[in-house]
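J.: Structure supplied as entry-v1.cif; contents: mmCIF, C-alpha atoms and all ligand atoms.
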data_protein
loop_
_atom_site.label_atom_id
_atom_site.label_comp_id
_atom_site.auth_asym_id
_atom_site.auth_seq_id
_atom_site.Cartn_x
_atom_site.Cartn_y
_atom_site.Cartn_z
CA MET T 30 4.01 -15.38 -22.29
CA ASN T 31 1.22 -13.07 -23.49
CA LEU T 32 -0.91 -11.85 -20.58
CA LEU T 33 -4.35 -10.32 -20.42
CA VAL T 34 -4.27 -8.29 -17.20
CA THR T 35 -7.61 -6.79 -16.19
CA GLY T 36 -7.92 -3.80 -13.86
CA GLY T 37 -4.32 -2.86 -14.67
CA ALA T 38 -5.00 0.87 -14.30
CA GLY T 39 -5.92 0.44 -10.63
CA PHE T 40 -3.66 0.24 -7.60
CA ILE T 41 -2.35 -3.34 -7.47
CA GLY T 42 -2.93 -3.97 -11.18
CA SER T 43 -0.73 -1.06 -12.29
CA ASN T 44 2.03 -2.12 -9.90
CA PHE T 45 1.74 -5.66 -11.30
CA VAL T 46 1.87 -4.50 -14.93
CA ARG T 47 5.03 -2.52 -14.14
CA PHE T 48 6.50 -5.55 -12.34
CA GLN T 49 5.83 -7.73 -15.40
CA ARG T 50 7.33 -5.25 -17.84
CA GLN T 51 10.45 -4.84 -15.70
CA ASN T 52 11.03 -8.54 -15.11
CA TYR T 53 9.85 -10.09 -18.38
CA PRO T 54 10.77 -7.68 -21.18
CA GLU T 55 9.89 -10.26 -23.87
CA ASP T 56 6.34 -10.79 -22.61
CA LEU T 57 3.31 -8.90 -23.83
CA VAL T 58 0.83 -7.33 -21.41
CA VAL T 59 -2.62 -6.44 -22.72
CA ASN T 60 -4.24 -4.30 -20.05
CA LEU T 61 -8.07 -4.23 -20.08
CA ASP T 62 -9.56 -1.65 -17.74
CA GLN T 63 -12.83 0.24 -17.75
CA LEU T 64 -11.31 3.28 -16.04
CA THR T 65 -13.93 3.62 -13.35
CA TYR T 66 -13.33 6.28 -10.67
CA ALA T 67 -10.53 4.00 -9.38
CA GLY T 68 -8.76 3.48 -12.71
CA ASN T 69 -6.22 6.08 -13.69
CA MET T 70 -4.00 6.35 -16.76
CA GLN T 71 -1.54 8.37 -14.67
CA ASN T 72 -0.74 5.10 -12.91
CA LEU T 73 0.72 3.87 -16.22
CA ALA T 74 2.33 7.10 -17.41
CA ASP T 75 5.84 5.60 -17.49
CA LEU T 76 4.62 2.77 -19.77
CA ARG T 77 3.17 5.07 -22.43
CA LYS T 78 5.90 4.36 -24.95
CA ASP T 79 6.29 0.68 -24.11
CA LYS T 80 5.27 -1.33 -27.19
CA GLN T 81 4.87 -4.52 -25.14
CA HIS T 82 2.12 -2.91 -23.05
CA ILE T 83 -1.20 -2.45 -24.80
CA PHE T 84 -3.93 -0.57 -22.97
CA VAL T 85 -7.57 -1.16 -23.90
CA ARG T 86 -10.44 0.65 -22.23
CA GLY T 87 -13.33 -1.76 -21.74
CA ASN T 88 -15.49 -3.82 -19.43
CA ILE T 89 -14.47 -7.33 -18.36
CA GLY T 90 -18.15 -8.26 -18.73
CA ASN T 91 -17.94 -7.63 -22.49
CA ARG T 92 -17.30 -11.17 -23.73
CA GLU T 93 -16.97 -10.20 -27.40
CA LEU T 94 -14.23 -7.72 -26.53
CA VAL T 95 -12.46 -10.22 -24.27
CA ALA T 96 -12.66 -12.91 -26.98
CA TYR T 97 -11.30 -10.49 -29.56
CA LEU T 98 -8.33 -9.50 -27.38
CA ILE T 99 -7.49 -13.12 -26.61
CA GLU T 100 -7.45 -13.99 -30.29
CA GLN T 101 -5.79 -10.83 -31.55
CA TYR T 102 -2.90 -10.96 -29.08
CA HIS T 103 -2.49 -14.75 -28.69
CA ILE T 104 -3.15 -14.56 -24.98
CA ASP T 105 -1.83 -17.41 -22.79
CA ALA T 106 -3.16 -16.37 -19.40
CA ILE T 107 -5.65 -14.00 -17.76
CA VAL T 108 -4.87 -12.26 -14.46
CA ASN T 109 -8.05 -10.71 -13.08
CA PHE T 110 -7.57 -7.67 -10.85
CA ALA T 111 -10.61 -5.79 -12.18
CA ALA T 112 -13.13 -5.23 -9.42
CA GLU T 113 -15.11 -2.78 -7.42
CA SER T 114 -12.85 -2.81 -4.38
CA HIS T 115 -14.03 -0.44 -1.66
CA VAL T 116 -16.06 -1.89 1.24
CA ASP T 117 -17.75 1.43 2.11
CA ARG T 118 -19.03 1.85 -1.44
CA SER T 119 -20.35 -1.74 -1.40
CA ILE T 120 -22.40 -0.94 1.69
CA LYS T 121 -24.02 2.01 -0.08
CA HIS T 122 -24.32 0.57 -3.62
CA PRO T 123 -23.95 -3.22 -3.61
CA ALA T 124 -25.36 -3.99 -7.09
CA ILE T 125 -22.34 -2.86 -9.13
CA PHE T 126 -20.13 -5.09 -6.97
CA TYR T 127 -22.06 -8.17 -8.09
CA GLU T 128 -22.15 -6.94 -11.68
CA THR T 129 -18.38 -6.50 -11.96
CA ASN T 130 -16.94 -8.87 -9.40
CA VAL T 131 -19.27 -11.83 -10.04
CA LYS T 132 -20.65 -11.48 -13.57
CA GLY T 133 -17.48 -9.89 -14.92
CA THR T 134 -15.37 -12.72 -13.53
CA LEU T 135 -17.76 -15.25 -15.04
CA ALA T 136 -17.34 -13.67 -18.48
CA LEU T 137 -13.55 -13.91 -18.21
CA LEU T 138 -13.71 -17.47 -16.91
CA SER T 139 -15.95 -18.49 -19.80
CA GLU T 140 -13.44 -17.16 -22.31
CA ALA T 141 -10.55 -18.82 -20.44
CA LYS T 142 -12.44 -22.10 -20.70
CA ARG T 143 -13.19 -21.67 -24.38
CA ARG T 144 -9.57 -20.89 -25.26
CA HIS T 145 -7.90 -23.23 -22.71
CA LEU T 146 -6.11 -20.39 -20.92
CA LYS T 147 -4.60 -20.16 -17.48
CA PHE T 148 -6.82 -18.04 -15.21
CA LEU T 149 -5.58 -16.32 -12.08
CA GLN T 150 -8.16 -14.66 -9.83
CA ILE T 151 -6.96 -11.93 -7.46
CA SER T 152 -9.02 -12.31 -4.32
CA THR T 153 -8.91 -11.13 -0.73
CA ASP T 154 -8.66 -12.32 2.86
CA GLU T 155 -12.05 -10.66 3.41
CA VAL T 156 -13.80 -13.71 1.93
CA TYR T 157 -13.02 -15.57 5.19
CA GLY T 158 -14.86 -13.06 7.38
CA SER T 159 -13.60 -11.79 10.71
CA LEU T 160 -11.33 -13.27 13.41
CA ASP T 161 -11.19 -12.53 17.12
CA GLN T 162 -7.87 -11.86 18.76
CA ARG T 163 -6.29 -15.21 17.95
CA GLY T 164 -5.80 -17.61 15.06
CA TYR T 165 -5.17 -17.32 11.35
CA PHE T 166 -7.14 -18.14 8.22
CA THR T 167 -5.78 -20.95 6.09
CA GLU T 168 -6.89 -21.75 2.54
CA ASP T 169 -9.27 -24.33 4.05
CA SER T 170 -11.03 -21.88 6.36
CA LYS T 171 -14.74 -21.43 5.82
CA LEU T 172 -15.88 -18.61 3.54
CA GLN T 173 -17.90 -16.28 5.76
CA PRO T 174 -17.90 -12.91 3.99
CA ASN T 175 -19.56 -10.07 5.90
CA SER T 176 -19.68 -7.08 3.54
CA PRO T 177 -21.29 -6.99 0.08
CA TYR T 178 -17.76 -6.48 -1.30
CA ALA T 179 -16.46 -9.61 0.44
CA ALA T 180 -19.56 -11.58 -0.58
CA SER T 181 -19.09 -10.65 -4.23
CA LYS T 182 -15.42 -11.68 -4.11
CA ALA T 183 -16.31 -14.96 -2.38
CA SER T 184 -18.94 -15.64 -5.06
CA ALA T 185 -16.35 -15.09 -7.76
CA ASP T 186 -13.93 -17.43 -5.96
CA LEU T 187 -16.58 -20.15 -5.91
CA SER T 188 -17.14 -19.76 -9.67
CA VAL T 189 -13.38 -20.04 -10.25
CA ARG T 190 -13.35 -23.25 -8.21
CA ALA T 191 -16.35 -24.60 -10.13
CA PHE T 192 -14.63 -23.99 -13.49
CA TYR T 193 -11.69 -26.03 -12.26
CA GLU T 194 -13.78 -28.87 -10.84
CA THR T 195 -16.23 -29.01 -13.74
CA TYR T 196 -14.22 -28.04 -16.83
CA LYS T 197 -10.63 -28.45 -15.61
CA VAL T 198 -9.76 -24.85 -16.48
CA ASP T 199 -6.22 -24.21 -15.19
CA VAL T 200 -7.14 -21.79 -12.41
CA ASN T 201 -5.51 -20.32 -9.33
CA ILE T 202 -6.71 -17.90 -6.69
CA THR T 203 -4.54 -15.64 -4.54
CA ARG T 204 -6.10 -14.22 -1.39
CA SER T 205 -4.01 -11.41 -0.02
CA SER T 206 -4.27 -9.23 3.02
CA ASN T 207 -4.51 -5.41 2.89
CA ASN T 208 -2.08 -3.96 0.36
CA TYR T 209 -0.40 -0.58 0.68
CA GLY T 210 2.07 1.36 -1.46
CA PRO T 211 2.24 3.88 -4.34
CA TYR T 212 -0.82 4.54 -6.56
CA GLN T 213 -3.46 3.45 -4.05
CA PHE T 214 -6.66 5.45 -4.45
CA PRO T 215 -6.92 7.98 -1.59
CA GLU T 216 -10.20 6.56 -0.24
CA LYS T 217 -8.29 3.65 1.36
CA LEU T 218 -6.96 3.94 4.94
CA ILE T 219 -3.25 4.70 4.49
CA PRO T 220 -3.47 7.13 1.52
CA LEU T 221 -6.55 8.78 3.05
CA MET T 222 -4.67 9.50 6.27
CA VAL T 223 -1.52 10.67 4.49
CA THR T 224 -3.35 12.96 2.06
CA HIS T 225 -5.57 14.37 4.82
CA GLY T 226 -2.45 14.85 6.90
CA LEU T 227 -0.81 16.79 4.08
CA THR T 228 -3.86 19.00 3.40
CA GLY T 229 -4.63 20.07 6.97
CA LYS T 230 -7.80 17.93 7.24
CA GLN T 231 -8.89 15.76 10.19
CA LEU T 232 -7.87 12.09 10.16
CA PRO T 233 -11.12 10.08 10.50
CA ILE T 234 -10.88 6.70 12.28
CA TYR T 235 -13.84 4.32 12.43
CA GLY T 236 -15.18 3.27 15.87
CA ASP T 237 -12.49 2.82 18.51
CA GLY T 238 -9.74 2.26 15.93
CA GLU T 239 -8.86 -1.16 17.33
CA ASN T 240 -9.78 -3.12 14.18
CA ILE T 241 -6.75 -5.08 13.02
CA ARG T 242 -5.54 -5.62 9.47
CA ASP T 243 -2.50 -7.49 8.16
CA TRP T 244 -0.55 -5.11 5.89
CA LEU T 245 1.29 -6.27 2.77
CA TYR T 246 3.53 -4.05 0.66
CA VAL T 247 2.20 -4.09 -2.89
CA GLU T 248 5.52 -5.16 -4.45
CA ASP T 249 5.61 -8.24 -2.22
CA ASN T 250 2.11 -9.10 -3.43
CA CYS T 251 3.13 -8.62 -7.08
CA ARG T 252 5.95 -11.12 -6.55
CA ALA T 253 3.54 -13.61 -5.01
CA ILE T 254 1.03 -13.20 -7.85
CA ASP T 255 3.79 -13.68 -10.41
CA LEU T 256 4.97 -16.89 -8.73
CA VAL T 257 1.45 -18.30 -8.65
CA LEU T 258 0.92 -17.33 -12.29
CA ARG T 259 4.07 -19.13 -13.44
CA LYS T 260 4.39 -21.96 -10.90
CA GLY T 261 1.02 -22.39 -9.17
CA LYS T 262 -0.47 -25.88 -9.16
CA PRO T 263 -3.76 -25.94 -11.13
CA GLY T 264 -6.84 -25.55 -8.94
CA GLU T 265 -4.92 -24.28 -5.90
CA ILE T 266 -5.65 -21.30 -3.69
CA TYR T 267 -2.78 -19.39 -2.06
CA ASN T 268 -3.03 -17.03 0.91
CA VAL T 269 -0.64 -14.07 0.70
CA GLY T 270 -0.21 -12.37 4.08
CA GLY T 271 2.14 -9.58 5.10
CA HIS T 272 2.78 -10.77 8.71
CA ASN T 273 2.26 -7.16 9.73
CA GLU T 274 -0.79 -7.02 11.96
CA ARG T 275 -1.55 -3.48 13.01
CA SER T 276 -4.60 -1.76 14.49
CA ASN T 277 -5.97 1.23 12.59
CA ASN T 278 -4.89 3.36 15.57
CA ALA T 279 -1.30 2.11 15.23
CA ILE T 280 -1.28 2.87 11.50
CA VAL T 281 -2.58 6.40 11.97
CA HIS T 282 -0.12 7.10 14.78
CA ALA T 283 2.79 5.90 12.62
CA ILE T 284 1.67 8.29 9.86
CA ILE T 285 1.25 11.16 12.33
CA ASP T 286 4.80 10.53 13.57
CA GLN T 287 6.26 10.49 10.08
CA LEU T 288 4.45 13.66 9.00
CA ASP T 289 5.12 15.31 12.37
CA LEU T 290 1.45 16.11 12.99
CA SER T 291 -0.43 16.73 16.22
CA GLU T 292 -2.61 13.93 17.66
CA ASP T 293 -5.46 16.44 17.77
CA ARG T 294 -5.90 15.84 14.07
CA ILE T 295 -7.43 12.41 14.82
CA GLU T 296 -11.22 12.29 14.74
CA TYR T 297 -13.09 9.15 15.80
CA VAL T 298 -16.19 8.70 13.62
CA LYS T 299 -19.23 6.38 13.65
CA ASP T 300 -18.14 2.81 12.96
CA ARG T 301 -18.56 1.17 9.55
CA LEU T 302 -21.61 -1.15 9.40
CA GLY T 303 -20.58 -4.77 10.00
CA HIS T 304 -16.97 -3.72 10.50
CA ASP T 305 -14.78 -6.87 10.66
CA GLN T 306 -12.65 -6.96 13.81
CA ARG T 307 -9.53 -8.69 12.58
CA TYR T 308 -8.08 -10.34 9.47
CA ALA T 309 -4.94 -12.46 9.63
CA LEU T 310 -3.62 -14.99 7.16
CA ASP T 311 -1.56 -18.14 7.43
CA SER T 312 0.70 -18.04 4.34
CA THR T 313 2.55 -21.28 5.05
CA LYS T 314 1.35 -22.87 1.81
CA ILE T 315 2.79 -20.30 -0.62
CA ASN T 316 5.95 -20.19 1.47
CA ARG T 317 6.48 -23.98 1.46
CA ASN T 318 5.30 -24.71 -2.09
CA LEU T 319 6.51 -21.66 -4.01
CA GLY T 320 9.18 -20.22 -1.69
CA TRP T 321 7.45 -16.85 -1.25
CA GLN T 322 7.70 -14.62 1.76
CA PRO T 323 7.20 -10.88 2.19
CA THR T 324 10.51 -9.04 2.32
CA THR T 325 9.50 -5.42 2.97
CA PRO T 326 9.58 -4.51 6.68
CA PHE T 327 6.47 -2.52 7.56
CA ASP T 328 8.44 0.54 8.69
CA THR T 329 10.31 0.66 5.37
CA GLY T 330 7.16 0.11 3.30
CA LEU T 331 5.24 2.77 5.19
CA ARG T 332 8.12 5.26 4.92
CA ASN T 333 8.32 4.67 1.13
CA THR T 334 4.57 5.05 0.82
CA VAL T 335 4.33 8.26 2.85
CA ASN T 336 7.29 9.68 0.88
CA TRP T 337 5.63 8.73 -2.40
CA TYR T 338 2.40 10.56 -1.50
CA THR T 339 4.37 13.52 -0.20
CA THR T 340 6.12 13.88 -3.56
CA HIS T 341 3.12 13.03 -5.81
CA ARG T 342 0.56 15.60 -4.82
CA THR T 343 -0.36 16.28 -8.46
CA TRP T 344 -1.42 12.62 -8.66
CA TRP T 345 -3.75 12.58 -5.65
CA GLN T 346 -5.02 16.15 -5.17
CA PRO T 347 -7.43 16.01 -8.17
CA LEU T 348 -8.77 12.66 -6.91
CA LEU T 349 -9.33 14.04 -3.43
CA ASP T 350 -11.16 17.07 -4.87
CA LYS T 351 -13.25 15.10 -7.39
CA GLU T 352 -14.40 12.44 -4.91
CA LYS T 353 -14.77 15.00 -2.07
CA LEU T 354 -12.65 12.81 0.22
P1 LIG G 1 -8.65 -0.64 -7.47
O1 LIG G 1 -10.03 -0.24 -7.08
O2 LIG G 1 -7.51 0.30 -7.20
O3 LIG G 1 -8.60 -0.98 -9.03
C1 LIG G 1 -9.62 -1.68 -9.67
C2 LIG G 1 -9.44 -1.47 -11.17
O4 LIG G 1 -10.44 -2.25 -11.86
C3 LIG G 1 -9.64 -0.02 -11.61
O5 LIG G 1 -8.59 0.36 -12.49
C4 LIG G 1 -10.98 -0.03 -12.34
O6 LIG G 1 -11.06 0.93 -13.38
C5 LIG G 1 -11.01 -1.43 -12.89
N1 LIG G 1 -12.39 -1.93 -13.13
C6 LIG G 1 -13.45 -1.86 -12.30
N2 LIG G 1 -14.53 -2.41 -12.88
C7 LIG G 1 -14.14 -2.85 -14.11
C8 LIG G 1 -14.78 -3.53 -15.18
N3 LIG G 1 -16.08 -3.86 -15.10
N4 LIG G 1 -14.07 -3.85 -16.28
C9 LIG G 1 -12.76 -3.50 -16.37
N5 LIG G 1 -12.09 -2.86 -15.40
C10 LIG G 1 -12.77 -2.53 -14.27
O7 LIG G 1 -8.40 -2.05 -6.76
P2 LIG G 1 -7.07 -2.67 -6.13
O8 LIG G 1 -6.95 -2.24 -4.73
O9 LIG G 1 -5.96 -2.50 -7.06
O10 LIG G 1 -7.50 -4.21 -6.11
C11 LIG G 1 -7.27 -5.04 -7.23
C12 LIG G 1 -7.80 -6.42 -6.93
O11 LIG G 1 -7.16 -6.94 -5.76
C13 LIG G 1 -9.29 -6.46 -6.65
O12 LIG G 1 -9.83 -7.60 -7.27
C14 LIG G 1 -9.38 -6.56 -5.14
O13 LIG G 1 -10.54 -7.25 -4.75
C15 LIG G 1 -8.13 -7.34 -4.82
N6 LIG G 1 -7.55 -7.09 -3.49
C16 LIG G 1 -7.21 -5.83 -3.11
C17 LIG G 1 -6.62 -5.64 -1.86
C18 LIG G 1 -6.18 -4.27 -1.41
O14 LIG G 1 -5.75 -4.11 -0.27
N7 LIG G 1 -6.23 -3.23 -2.24
C19 LIG G 1 -6.41 -6.71 -1.00
C20 LIG G 1 -6.77 -7.99 -1.43
C21 LIG G 1 -7.33 -8.16 -2.67
#
Would it be possible to restate this file's structure as structure tokens?

T.:
Amino acid sequence: MNLLVTGGAGFIGSNFVRFQRQNYPEDLVVNLDQLTYAGNMQNLADLRKDKQHIFVRGNIGNRELVAYLIEQYHIDAIVNFAAESHVDRSIKHPAIFYETNVKGTLALLSEAKRRHLKFLQISTDEVYGSLDQRGYFTEDSKLQPNSPYAASKASADLSVRAFYETYKVDVNITRSSNNYGPYQFPEKLIPLMVTHGLTGKQLPIYGDGENIRDWLYVEDNCRAIDLVLRKGKPGEIYNVGGHNERSNNAIVHAIIDQLDLSEDRIEYVKDRLGHDQRYALDSTKINRNLGWQPTTPFDTGLRNTVNWYTTHRTWWQPLLDKEKL
């Protein structure tokens, strides 16, 4: 299979490209990424000499470029990771989120339609909005996005659905919970805490720290995405949850323990606007229909992740400095 993977220089995308190259040596991966602040060629350094991985710097909204790549490399399927992905940035500068996440996705969908390609959209549990203490979101839950980021992803999901219903494009959507693991940009919770922990900075926690997220190790998500790509039923949406609900406080304390830091390093800061209380996914469908379940225990995944950041300072220190994180 020849894949067009977009956003493959970002966190999940680069892990997915590596997963594809390791597991399907015959397949071709064309990796289209604009290299925004979040895209990083260092994430792909080990694939530099791999002839079955072709990196192209460009915007998913550039239809001519997308059409050219599809034709040139006989693409069979598009996997769309490319997005503006940080909620805090969407609160400050929403417009680019709609430009990339909505219009960019539409450009890719239009080319998938024209060339009769499979189209897999990588979405998020945030499209469902927030939960109280109990219950889980299923694929049939209402879309009630609260942040501009979540709203832009929900809009893209609706376009993907419309292209299936109207034009019968062979689409799927995966909606995963919070990913963590190597190569995550240090603005996100776990790498921010680890890198601040390692550089003597305070560890900032929003509000009272009791917001709950469901954490999924990135490799487990890559396996789920791959299964949906190869075996997903056209038109279907699949939730991909980690079954690891943790409060932000619990996450930060686990990191403090592993790095052997003092609790005094924690600093509670003004809460994020519209901060969702809890996300939790019911992943029964992907488990029953495709046999997927997460296999990385949270303690193991977090230990691997903290160790990775501890040994890859040359990867993250320039990012921390440049973005003043
Ligand atoms: P990321 O921010 O690390 O990477 C995004 C990548 O997209 C970057 O390499 C960036 O350069 C590229 N990009 C941005 N705009 C582009 C454009 N216009 N054209 C081409 N490339 C562009 O994001 P991530 O955390 O790896 O997330 C990947 C996808 O997974 C996103 O669609 C996100 O919504 C979704 N998702 C992420 C999580 C998570 O916890 N990280 C959870 C659920 C869903």

J.: Counting all atoms listed in the file, name the residues that have an atom within 8 Å of an atom of ligand LIG 1 (chain G); the answer should be given as a PyMOL selection string.

T.: chain T and resi 35-43+61-69+86-90+109-115+128-130+133+150-155+182+204-209+212-214+245

J.: Have a look at CA of Asp161 (chain T) and CA of Asn240 (chain T) and let me know their distance in Å, one decimal.

T.: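 Separation of CA of Asp161 (chain T) and CA of Asn240 (chain T): 10.0 Å.
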
J.: Can you pull out every residue within 7 Å of region 164-176 of chain T, counting all atoms listed in the file, but drop anything in the same chain fewer than 3 positions away, and send it as a list in words?

T.: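 Near region 164-176 of chain T, the qualifying residues are Val116, Ile120, Glu155, Val156, Tyr157, Gly158, Ala179, Ala180, Ala183, Ile266, Tyr267, Asn268, Gly303, Ala309, Leu310 and Asp311 of chain T.
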
J.: Can you work out which one of T:Ser184, T:Asn273, T:Gln162, T:Ser119 has the shortest atom-to-atom distance to Leu331 (chain T), counting all atoms listed in the file?

T.: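 Using all atoms listed in the file, Leu331 (chain T) sits closest to T:Asn273.
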
J.: If we count all atoms listed in the file, what is near Leu354 (chain T) at a cut-off of 10 Å, once residues fewer than 5 positions away on the same chain are taken out, given as a JSON list (two decimals) with C-alpha atoms, keeping the file's coordinate frame?

T.:
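Final file, around05.json:
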[["chain", "number", "residue", "atom", "x", "y", "z"],
["T", 215, "PRO", "CA", -6.92, 7.98, -1.59],
["T", 216, "GLU", "CA", -10.20, 6.56, -0.24],
["T", 221, "LEU", "CA", -6.55, 8.78, 3.05],
["T", 224, "THR", "CA", -3.35, 12.96, 2.06],
["T", 225, "HIS", "CA", -5.57, 14.37, 4.82],
["T", 230, "LYS", "CA", -7.80, 17.93, 7.24],
["T", 346, "GLN", "CA", -5.02, 16.15, -5.17],
["T", 348, "LEU", "CA", -8.77, 12.66, -6.91],
["T", 349, "LEU", "CA", -9.33, 14.04, -3.43]]

J.: Of the candidates T:Arg342, T:His282, T:Lys260, T:Arg163, which one gets nearest to Ile315 (chain T) if we count all atoms listed in the file?

T.: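 Residue with the minimum atom-to-atom distance to Ile315 (chain T): T:Lys260.
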
J.: Axis-aligned box over every listed atom of region 297-314 of chain T, padded by 3 Å per side: centre and edges in Å to one decimal, as AutoDock Vina command-line options?

T.:
--center_x -9.5 --center_y -6.9 --center_z 8.8 --size_x 30.2 --size_y 38.0 --size_z 20.0

J.: Show me the residues close to (7.5, 10.1, 1.4) - anything with an atom within 12 Å, counting all atoms listed in the file - and format the list as a PyMOL selection string.

T.: chain T and resi 210-211+220+223-224+227+284+287-288+329-342

J.: Which residue is closest to Arg50 (chain T)? Choose from T:Ala96, T:Met30, T:Leu146, T:Leu138 and count all atoms listed in the file.

T.: T:Met30

J.: Counting only C-alpha atoms, which of T:Val46, T:Leu218, T:Leu33, T:Leu73 gets nearest to Trp344 (chain T)?

T.: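 Among the listed residues, the smallest separation from Trp344 (chain T) belongs to T:Leu73.
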